[in-house]
Amino acid sequence: MTKFQETENIELKKSTSELKEAVISIVAMLNKHQRGEVWFGIRNDGTVSGQQVSEKTMRDVSKAISENIEPKVYPTVEQVAVDGKHCIKVQVKGNEHPYYAYGRPYIRVGDEDRQLSAKELERLILEKNRDRLRWDTEVCDKATFEDIGASKLKSFLKLCSLPYDTIPNSLEKLNLVKGGKLLNAAVLCFARKPEKFLPNARLRCAVFGTLDTTVTLDMKDFYGDAFNLIGKAEEYIMEHINIGMRLDGLLRVDVPEIDREAFREAIINAFCHRDYREYDSVNIAIFKDRVEIRSPGLLYGGLTIDSIKKKMVSARRNELLAELFQRSHRIEKWGRGIKMILEREPATEFEEVGTVQFVVTFKRKYAEAVTTETALTTSVKTSVKTSDEIIAAIRSDKLVTAQQIAERLGISLRAIEMQLANLKKDGRIRRIGPKKGGYWETVVKNIS
């Protein structure tokens, strides 16, 4: 006995008395997979019941499909004998989605049909026209070559081992100009102030004191080009997660509780593959037990959570932007980033939230062992130790820069700058001369 089962591409109907529902299922399947199959004479549990089939029955099926689906589709309708019983098999294909049944759009979810929301319909239309409507290849009308930072462009070209000419010529060679106008990708990556033209060229970071967002300990917004924001996101996470240590011979090596390469890859992916048509920013949320990297836009090009975890596949929403990231060795061509993340952090979770956000979650390894009290104590001890190390560095070389101190201590530049400001405020150091060309001097206080 033949057994059938409903899927995202197959719908079963006991008879043509359910013809209207069948038309809706056809539209739902076309909108999801651009193909579908409906059987009449088979119950939804897969049991073959059969039905009466005549020329009129076949015409009624064809007519219902042709008159009630827009754009028009042309199905194959045939009579098929299954286990000695008469059934009708309908096959349909079409790439002109979105399709409408009785004036309404539907989408297939598992073996069920549901009506598309306005937002989902908009996304389906954009998906269909993705090659013509790619955000990164659209012209940014108000931006000019004068808005491009030459130093940013030169640094990028150096990473790519490419020569610098003029700003227009260099951008032209990178395919970032169309009809003498800058493309969005050029502005996002190389403009002095991309947020002037692209308000969502933004990073939002926050630290929360609990497992949810009820207690906010810190929140900051950063603006700038995509490459700069990636660095800011990495720094912010490093400043707000716990750092352990291990010994490598006689040297102390810092060990973040989340692998740095893993979360850096997730940050890069967030900026490279996000949906820039969404106004929202890339968001970093640090909780007591986890770190979340949230980017606007769901997975692209039919990818699923399962497929990105098990296969080295990628679909690029921003093809030109991805090319720039690849040229500068920030991403790999063959989609190995997710595999690398899982190799370094196997407990990483990937999730699509609602219809507008993709979230990567890293578990914090030391979080459970650190209470609020011990965390504060550790913070104070670390601050004192770092201050002493900064003063020692200044005493050994009064011309030392903040960047050199940061590299020497393995701490972010922002953290060093904050410590320098605090030491200056406390009167323990002072600056002699200008910011560039001057030097630091330690202050020995008289004890009376």
# chains A, B, ... in the order shown; residues from 1 in each chain; ligands from 1
$ residues_around --residues "A:Leu211" --least-positions-apart "2" --cutoff "10 Å" --atoms "only C-alpha atoms" --output "PDB file with C-alpha atoms, in the first residue's frame"
ATOM      1  CA  PHE A 208      23.695  44.059  31.853  1.00  0.00           C
ATOM      2  CA  GLY A 209      24.026  43.089  35.499  1.00  0.00           C
ATOM      3  CA  THR A 213      18.043  43.535  30.364  1.00  0.00           C
ATOM      4  CA  THR A 214      16.483  44.774  33.607  1.00  0.00           C
ATOM      5  CA  VAL A 215      19.747  46.165  35.065  1.00  0.00           C
ATOM      6  CA  ILE A 286      26.875  41.293  27.505  1.00  0.00           C
ATOM      7  CA  PHE A 287      25.006  39.440  30.263  1.00  0.00           C
ATOM      8  CA  LYS A 288      26.300  37.655  33.365  1.00  0.00           C
ATOM      9  CA  ASP A 289      26.200  34.276  31.635  1.00  0.00           C
ATOM     10  CA  ARG A 290      26.565  35.059  27.924  1.00  0.00           C
TER      11      ARG A 290
END
$ residues_around --residues "stretch 153-163 of chain A" --least-positions-apart "2" --cutoff "7 Å" --atoms "only C-alpha atoms" --output "PyMOL selection string"
chain A and resi 149-151+165+190+327-328
$ residues_around --residues "stretch 232-240 of chain A" --least-positions-apart "4" --cutoff "7 Å" --atoms "only C-alpha atoms" --output "PyMOL selection string"
chain A and resi 228+264+412
$ closest_residue --among "A:Ala186, A:Ala64, A:Ile390, A:Val360" --to "A:Arg428" --atoms "only C-alpha atoms"
A:Ile390
$ closest_atom_pairs --of "stretch 2-89 of chain A" --to "stretch 103-112 of chain A" --cutoff "9 Å" --atoms "only C-alpha atoms" --output "JSON lines"
{"residue": "A:Glu6", "atom": "CA", "partner": "A:Asp111", "partner_atom": "CA", "distance": 5.8}
{"residue": "A:Thr7", "atom": "CA", "partner": "A:Asp111", "partner_atom": "CA", "distance": 4.9}
{"residue": "A:Glu8", "atom": "CA", "partner": "A:Gly110", "partner_atom": "CA", "distance": 5.1}
{"residue": "A:Asn9", "atom": "CA", "partner": "A:Asp111", "partner_atom": "CA", "distance": 8.1}
{"residue": "A:Ile10", "atom": "CA", "partner": "A:Asp111", "partner_atom": "CA", "distance": 7.8}
{"residue": "A:Glu11", "atom": "CA", "partner": "A:Asp111", "partner_atom": "CA", "distance": 7.3}
{"residue": "A:Ile24", "atom": "CA", "partner": "A:Tyr106", "partner_atom": "CA", "distance": 7.0}
{"residue": "A:Ser25", "atom": "CA", "partner": "A:Arg108", "partner_atom": "CA", "distance": 7.4}
{"residue": "A:Val27", "atom": "CA", "partner": "A:Tyr106", "partner_atom": "CA", "distance": 6.2}
{"residue": "A:Ala28", "atom": "CA", "partner": "A:Ile107", "partner_atom": "CA", "distance": 4.0}
{"residue": "A:Met29", "atom": "CA", "partner": "A:Arg108", "partner_atom": "CA", "distance": 5.3}
{"residue": "A:Leu30", "atom": "CA", "partner": "A:Ile107", "partner_atom": "CA", "distance": 8.0}
{"residue": "A:Asn31", "atom": "CA", "partner": "A:Ile107", "partner_atom": "CA", "distance": 5.8}
{"residue": "A:Lys32", "atom": "CA", "partner": "A:Arg108", "partner_atom": "CA", "distance": 5.9}
{"residue": "A:His33", "atom": "CA", "partner": "A:Arg108", "partner_atom": "CA", "distance": 8.5}
{"residue": "A:Asn68", "atom": "CA", "partner": "A:Gly103", "partner_atom": "CA", "distance": 7.8}
{"residue": "A:Ile69", "atom": "CA", "partner": "A:Gly103", "partner_atom": "CA", "distance": 7.9}
{"residue": "A:Glu70", "atom": "CA", "partner": "A:Gly103", "partner_atom": "CA", "distance": 7.7}
$ residues_around --residues "A:Lys339" --least-positions-apart "4" --cutoff "10 Å" --atoms "only C-alpha atoms" --output "VMD selection string"
chain A and resid 262 308 to 312 335 343 to 346
$ residues_around --residues "A:Leu182" --least-positions-apart "4" --cutoff "8 Å" --atoms "only C-alpha atoms" --output "list in words"
Val139, Cys140, Asp141, Ala143, Thr144, Phe145, Leu176, Val177, Lys178, Ala186 and Val187 of chain A
$ residues_around --residues "A:Ala226" --least-positions-apart "3" --cutoff "7 Å" --atoms "only C-alpha atoms" --output "number ranges by chain"
A: 188-189, 229-230, 271
$ select_by_dssp --residues "stretch 94-227 of chain A" --states "strand (DSSP E or B)" --output "PyMOL selection string"
chain A and resi 100-101+104-109+112-115+139+148+177-178+181-183+191+202-208+216-223
$ residues_around --residues "A:Lys93" --least-positions-apart "6" --cutoff "8 Å" --atoms "only C-alpha atoms" --output "PyMOL selection string"
chain A and resi 30+34-36+73-75
$ write_last_selection --atoms "C-alpha atoms" --output "tab-separated table (two decimals), in the first residue's frame"
chain	number	residue	atom	x	y	z
A	30	LEU	CA	5.32	28.62	-4.89
A	34	GLN	CA	8.85	28.06	-6.47
A	35	ARG	CA	7.34	24.60	-6.98
A	36	GLY	CA	4.66	22.42	-5.45
A	73	VAL	CA	0.73	29.74	-13.52
A	74	TYR	CA	0.28	26.80	-15.86
A	75	PRO	CA	0.00	23.53	-13.94
$ closest_residue --among "A:Asp113, A:Glu67, A:Asp45, A:Glu138" --to "A:Ala22" --atoms "only C-alpha atoms"
A:Asp113
$ select_by_dssp --residues "stretch 257-408 of chain A" --states "helix (DSSP H, G or I)" --output "MDAnalysis selection string"
chainID A and resid 260:273 305:310 319:327 337:344 367:369 372:396 402:408
$ write_last_selection --atoms "C-alpha atoms" --output "mmCIF file, in the first residue's frame"
data_model
loop_
_atom_site.group_PDB
_atom_site.id
_atom_site.type_symbol
_atom_site.label_atom_id
_atom_site.label_comp_id
_atom_site.auth_asym_id
_atom_site.auth_seq_id
_atom_site.Cartn_x
_atom_site.Cartn_y
_atom_site.Cartn_z
ATOM 1 C CA ARG A 260 38.731 36.007 20.817
ATOM 2 C CA GLU A 261 38.982 34.696 17.260
ATOM 3 C CA ALA A 262 35.528 33.134 17.557
ATOM 4 C CA PHE A 263 33.673 36.241 18.672
ATOM 5 C CA ARG A 264 35.677 38.412 16.270
ATOM 6 C CA GLU A 265 34.489 36.232 13.394
ATOM 7 C CA ALA A 266 30.896 36.635 14.584
ATOM 8 C CA ILE A 267 31.330 40.424 14.735
ATOM 9 C CA ILE A 268 32.753 40.541 11.204
ATOM 10 C CA ASN A 269 29.885 38.407 9.903
ATOM 11 C CA ALA A 270 27.389 40.728 11.600
ATOM 12 C CA PHE A 271 28.731 43.772 9.749
ATOM 13 C CA CYS A 272 29.356 41.984 6.468
ATOM 14 C CA HIS A 273 26.078 40.094 6.084
ATOM 15 C CA ILE A 305 20.638 27.378 11.008
ATOM 16 C CA ASP A 306 21.184 23.692 10.309
ATOM 17 C CA SER A 307 22.856 24.280 6.934
ATOM 18 C CA ILE A 308 25.330 26.895 8.172
ATOM 19 C CA LYS A 309 26.347 24.653 11.092
ATOM 20 C CA LYS A 310 26.754 21.403 9.161
ATOM 21 C CA GLU A 319 28.190 40.723 -2.392
ATOM 22 C CA LEU A 320 30.340 43.816 -2.981
ATOM 23 C CA LEU A 321 30.835 44.432 0.731
ATOM 24 C CA ALA A 322 31.811 40.791 1.228
ATOM 25 C CA GLU A 323 34.350 41.171 -1.562
ATOM 26 C CA LEU A 324 35.986 44.074 0.307
ATOM 27 C CA PHE A 325 36.106 42.034 3.533
ATOM 28 C CA GLN A 326 37.620 39.118 1.651
ATOM 29 C CA ARG A 327 40.219 41.265 -0.129
ATOM 30 C CA GLY A 337 33.715 31.170 9.496
ATOM 31 C CA ILE A 338 30.885 29.295 11.231
ATOM 32 C CA LYS A 339 32.951 26.113 11.321
ATOM 33 C CA MET A 340 35.842 27.993 12.934
ATOM 34 C CA ILE A 341 33.522 29.521 15.544
ATOM 35 C CA LEU A 342 32.162 26.094 16.483
ATOM 36 C CA GLU A 343 35.636 24.547 16.599
ATOM 37 C CA ARG A 344 36.793 27.191 19.080
ATOM 38 C CA ALA A 367 30.519 33.767 34.839
ATOM 39 C CA GLU A 368 29.099 31.359 37.435
ATOM 40 C CA ALA A 369 32.195 31.534 39.595
ATOM 41 C CA THR A 372 29.118 40.671 42.126
ATOM 42 C CA GLU A 373 31.367 41.211 45.152
ATOM 43 C CA THR A 374 34.312 39.232 43.784
ATOM 44 C CA ALA A 375 33.879 40.857 40.389
ATOM 45 C CA LEU A 376 34.166 44.328 41.958
ATOM 46 C CA THR A 377 37.184 43.257 44.013
ATOM 47 C CA THR A 378 38.863 41.805 40.923
ATOM 48 C CA SER A 379 38.132 44.984 38.996
ATOM 49 C CA VAL A 380 39.732 47.161 41.689
ATOM 50 C CA LYS A 381 42.797 44.923 41.974
ATOM 51 C CA THR A 382 43.208 44.863 38.188
ATOM 52 C CA SER A 383 42.891 48.651 38.026
ATOM 53 C CA VAL A 384 45.540 49.176 40.711
ATOM 54 C CA LYS A 385 47.898 46.689 39.093
ATOM 55 C CA THR A 386 47.462 48.261 35.674
ATOM 56 C CA SER A 387 48.093 51.743 37.093
ATOM 57 C CA ASP A 388 51.367 50.575 38.634
ATOM 58 C CA GLU A 389 52.402 48.970 35.341
ATOM 59 C CA ILE A 390 51.612 52.182 33.426
ATOM 60 C CA ILE A 391 53.694 54.280 35.828
ATOM 61 C CA ALA A 392 56.560 51.784 35.536
ATOM 62 C CA ALA A 393 56.363 52.030 31.735
ATOM 63 C CA ILE A 394 56.505 55.849 31.874
ATOM 64 C CA ARG A 395 59.470 55.814 34.240
ATOM 65 C CA SER A 396 61.395 53.508 31.909
ATOM 66 C CA ALA A 402 49.399 54.998 25.020
ATOM 67 C CA GLN A 403 49.354 52.607 22.064
ATOM 68 C CA GLN A 404 52.761 51.192 23.029
ATOM 69 C CA ILE A 405 51.629 50.720 26.644
ATOM 70 C CA ALA A 406 48.477 48.959 25.457
ATOM 71 C CA GLU A 407 50.480 46.572 23.293
ATOM 72 C CA ARG A 408 52.998 45.946 26.069
#
$ atom_distance --atom1 "atom CA of A:Leu198" --atom2 "atom CA of A:Pro296"
14.7 Å
$ decode --residues "stretch 268-317 of chain A" --atoms "N, CA and C atoms" --output "JSON list (two decimals), in the first residue's frame"
[["chain", "number", "residue", "atom", "x", "y", "z"],
["A", 268, "ILE", "N", 32.51, 40.26, 12.62],
["A", 268, "ILE", "CA", 32.75, 40.54, 11.20],
["A", 268, "ILE", "C", 31.56, 40.10, 10.36],
["A", 269, "ASN", "N", 31.05, 38.90, 10.64],
["A", 269, "ASN", "CA", 29.89, 38.41, 9.90],
["A", 269, "ASN", "C", 28.68, 39.33, 10.10],
["A", 270, "ALA", "N", 28.53, 39.84, 11.31],
["A", 270, "ALA", "CA", 27.39, 40.73, 11.60],
["A", 270, "ALA", "C", 27.43, 41.97, 10.72],
["A", 271, "PHE", "N", 28.61, 42.56, 10.56],
["A", 271, "PHE", "CA", 28.73, 43.77, 9.75],
["A", 271, "PHE", "C", 28.72, 43.46, 8.26],
["A", 272, "CYS", "N", 29.26, 42.32, 7.89],
["A", 272, "CYS", "CA", 29.36, 41.98, 6.47],
["A", 272, "CYS", "C", 28.02, 41.54, 5.89],
["A", 273, "HIS", "N", 27.27, 40.74, 6.63],
["A", 273, "HIS", "CA", 26.08, 40.09, 6.08],
["A", 273, "HIS", "C", 24.76, 40.67, 6.59],
["A", 274, "ARG", "N", 24.79, 41.71, 7.42],
["A", 274, "ARG", "CA", 23.55, 42.27, 7.95],
["A", 274, "ARG", "C", 22.71, 42.90, 6.85],
["A", 275, "ASP", "N", 21.45, 43.13, 7.16],
["A", 275, "ASP", "CA", 20.54, 43.81, 6.23],
["A", 275, "ASP", "C", 20.60, 45.31, 6.51],
["A", 276, "TYR", "N", 21.29, 46.04, 5.64],
["A", 276, "TYR", "CA", 21.45, 47.48, 5.85],
["A", 276, "TYR", "C", 20.21, 48.27, 5.49],
["A", 277, "ARG", "N", 19.19, 47.61, 4.96],
["A", 277, "ARG", "CA", 17.93, 48.31, 4.73],
["A", 277, "ARG", "C", 17.15, 48.47, 6.03],
["A", 278, "GLU", "N", 17.50, 47.65, 7.02],
["A", 278, "GLU", "CA", 16.92, 47.81, 8.36],
["A", 278, "GLU", "C", 17.64, 48.94, 9.07],
["A", 279, "TYR", "N", 16.89, 49.80, 9.74],
["A", 279, "TYR", "CA", 17.49, 50.98, 10.38],
["A", 279, "TYR", "C", 18.35, 50.61, 11.58],
["A", 280, "ASP", "N", 18.10, 49.49, 12.19],
["A", 280, "ASP", "CA", 18.76, 49.11, 13.43],
["A", 280, "ASP", "C", 20.28, 48.98, 13.25],
["A", 281, "SER", "N", 21.01, 49.00, 14.37],
["A", 281, "SER", "CA", 22.46, 48.85, 14.37],
["A", 281, "SER", "C", 22.84, 47.40, 14.67],
["A", 282, "VAL", "N", 24.13, 47.08, 14.54],
["A", 282, "VAL", "CA", 24.66, 45.85, 15.10],
["A", 282, "VAL", "C", 24.74, 46.06, 16.61],
["A", 283, "ASN", "N", 24.27, 45.09, 17.39],
["A", 283, "ASN", "CA", 24.19, 45.24, 18.84],
["A", 283, "ASN", "C", 25.01, 44.17, 19.55],
["A", 284, "ILE", "N", 25.79, 44.60, 20.55],
["A", 284, "ILE", "CA", 26.52, 43.68, 21.42],
["A", 284, "ILE", "C", 25.89, 43.76, 22.80],
["A", 285, "ALA", "N", 25.38, 42.64, 23.30],
["A", 285, "ALA", "CA", 24.75, 42.59, 24.62],
["A", 285, "ALA", "C", 25.52, 41.61, 25.50],
["A", 286, "ILE", "N", 26.08, 42.12, 26.60],
["A", 286, "ILE", "CA", 26.87, 41.29, 27.50],
["A", 286, "ILE", "C", 26.09, 41.08, 28.79],
["A", 287, "PHE", "N", 25.74, 39.82, 29.06],
["A", 287, "PHE", "CA", 25.01, 39.44, 30.26],
["A", 287, "PHE", "C", 25.95, 38.69, 31.21],
["A", 288, "LYS", "N", 25.46, 38.35, 32.39],
["A", 288, "LYS", "CA", 26.30, 37.66, 33.36],
["A", 288, "LYS", "C", 26.74, 36.28, 32.87],
["A", 289, "ASP", "N", 25.90, 35.65, 32.05],
["A", 289, "ASP", "CA", 26.20, 34.28, 31.63],
["A", 289, "ASP", "C", 26.51, 34.12, 30.15],
["A", 290, "ARG", "N", 26.41, 35.21, 29.37],
["A", 290, "ARG", "CA", 26.56, 35.06, 27.92],
["A", 290, "ARG", "C", 26.86, 36.40, 27.26],
["A", 291, "VAL", "N", 27.31, 36.32, 26.02],
["A", 291, "VAL", "CA", 27.49, 37.48, 25.16],
["A", 291, "VAL", "C", 26.71, 37.24, 23.88],
["A", 292, "GLU", "N", 25.86, 38.20, 23.53],
["A", 292, "GLU", "CA", 25.06, 38.08, 22.30],
["A", 292, "GLU", "C", 25.52, 39.11, 21.28],
["A", 293, "ILE", "N", 25.69, 38.67, 20.04],
["A", 293, "ILE", "CA", 25.99, 39.56, 18.92],
["A", 293, "ILE", "C", 24.78, 39.52, 18.00],
["A", 294, "ARG", "N", 24.09, 40.64, 17.90],
["A", 294, "ARG", "CA", 22.82, 40.69, 17.19],
["A", 294, "ARG", "C", 22.96, 41.55, 15.94],
["A", 295, "SER", "N", 22.53, 41.02, 14.81],
["A", 295, "SER", "CA", 22.60, 41.80, 13.57],
["A", 295, "SER", "C", 21.23, 41.82, 12.89],
["A", 296, "PRO", "N", 20.87, 42.96, 12.28],
["A", 296, "PRO", "CA", 19.58, 43.07, 11.59],
["A", 296, "PRO", "C", 19.55, 42.18, 10.36],
["A", 297, "GLY", "N", 18.44, 41.49, 10.17],
["A", 297, "GLY", "CA", 18.28, 40.63, 9.00],
["A", 297, "GLY", "C", 18.45, 39.16, 9.33],
["A", 298, "LEU", "N", 17.58, 38.33, 8.77],
["A", 298, "LEU", "CA", 17.67, 36.89, 8.95],
["A", 298, "LEU", "C", 18.70, 36.31, 7.99],
["A", 299, "LEU", "N", 18.92, 35.00, 8.07],
["A", 299, "LEU", "CA", 19.81, 34.34, 7.13],
["A", 299, "LEU", "C", 19.32, 34.58, 5.70],
["A", 300, "TYR", "N", 20.24, 34.61, 4.78],
["A", 300, "TYR", "CA", 19.95, 35.05, 3.42],
["A", 300, "TYR", "C", 20.04, 33.89, 2.43],
["A", 301, "GLY", "N", 19.30, 34.02, 1.35],
["A", 301, "GLY", "CA", 19.43, 33.08, 0.23],
["A", 301, "GLY", "C", 19.00, 31.66, 0.53],
["A", 302, "GLY", "N", 18.02, 31.49, 1.43],
["A", 302, "GLY", "CA", 17.51, 30.14, 1.71],
["A", 302, "GLY", "C", 18.33, 29.36, 2.72],
["A", 303, "LEU", "N", 19.36, 29.97, 3.30],
["A", 303, "LEU", "CA", 20.14, 29.26, 4.31],
["A", 303, "LEU", "C", 19.33, 29.05, 5.58],
["A", 304, "THR", "N", 19.66, 27.99, 6.30],
["A", 304, "THR", "CA", 19.01, 27.69, 7.58],
["A", 304, "THR", "C", 20.09, 27.56, 8.65],
["A", 305, "ILE", "N", 19.68, 27.56, 9.91],
["A", 305, "ILE", "CA", 20.64, 27.38, 11.01],
["A", 305, "ILE", "C", 21.36, 26.05, 10.84],
["A", 306, "ASP", "N", 20.61, 25.02, 10.47],
["A", 306, "ASP", "CA", 21.18, 23.69, 10.31],
["A", 306, "ASP", "C", 22.22, 23.67, 9.19],
["A", 307, "SER", "N", 21.94, 24.33, 8.08],
["A", 307, "SER", "CA", 22.86, 24.28, 6.93],
["A", 307, "SER", "C", 24.15, 25.05, 7.19],
["A", 308, "ILE", "N", 24.09, 26.17, 7.92],
["A", 308, "ILE", "CA", 25.33, 26.89, 8.17],
["A", 308, "ILE", "C", 26.20, 26.18, 9.20],
["A", 309, "LYS", "N", 25.58, 25.36, 10.08],
["A", 309, "LYS", "CA", 26.35, 24.65, 11.09],
["A", 309, "LYS", "C", 26.98, 23.38, 10.56],
["A", 310, "LYS", "N", 26.29, 22.71, 9.62],
["A", 310, "LYS", "CA", 26.75, 21.40, 9.16],
["A", 310, "LYS", "C", 27.50, 21.44, 7.84],
["A", 311, "LYS", "N", 27.32, 22.53, 7.07],
["A", 311, "LYS", "CA", 27.94, 22.61, 5.75],
["A", 311, "LYS", "C", 28.69, 23.93, 5.62],
["A", 312, "MET", "N", 29.77, 23.90, 4.85],
["A", 312, "MET", "CA", 30.52, 25.13, 4.60],
["A", 312, "MET", "C", 29.87, 25.87, 3.44],
["A", 313, "VAL", "N", 28.72, 26.47, 3.71],
["A", 313, "VAL", "CA", 28.00, 27.20, 2.67],
["A", 313, "VAL", "C", 27.77, 28.63, 3.13],
["A", 314, "SER", "N", 27.68, 29.53, 2.17],
["A", 314, "SER", "CA", 27.38, 30.92, 2.50],
["A", 314, "SER", "C", 26.59, 31.54, 1.36],
["A", 315, "ALA", "N", 25.72, 32.46, 1.71],
["A", 315, "ALA", "CA", 24.97, 33.23, 0.71],
["A", 315, "ALA", "C", 25.15, 34.69, 1.11],
["A", 316, "ARG", "N", 25.59, 35.51, 0.17],
["A", 316, "ARG", "CA", 25.99, 36.87, 0.51],
["A", 316, "ARG", "C", 24.91, 37.88, 0.16],
["A", 317, "ARG", "N", 24.35, 38.49, 1.18],
["A", 317, "ARG", "CA", 23.37, 39.55, 0.98],
["A", 317, "ARG", "C", 24.05, 40.78, 0.37]]
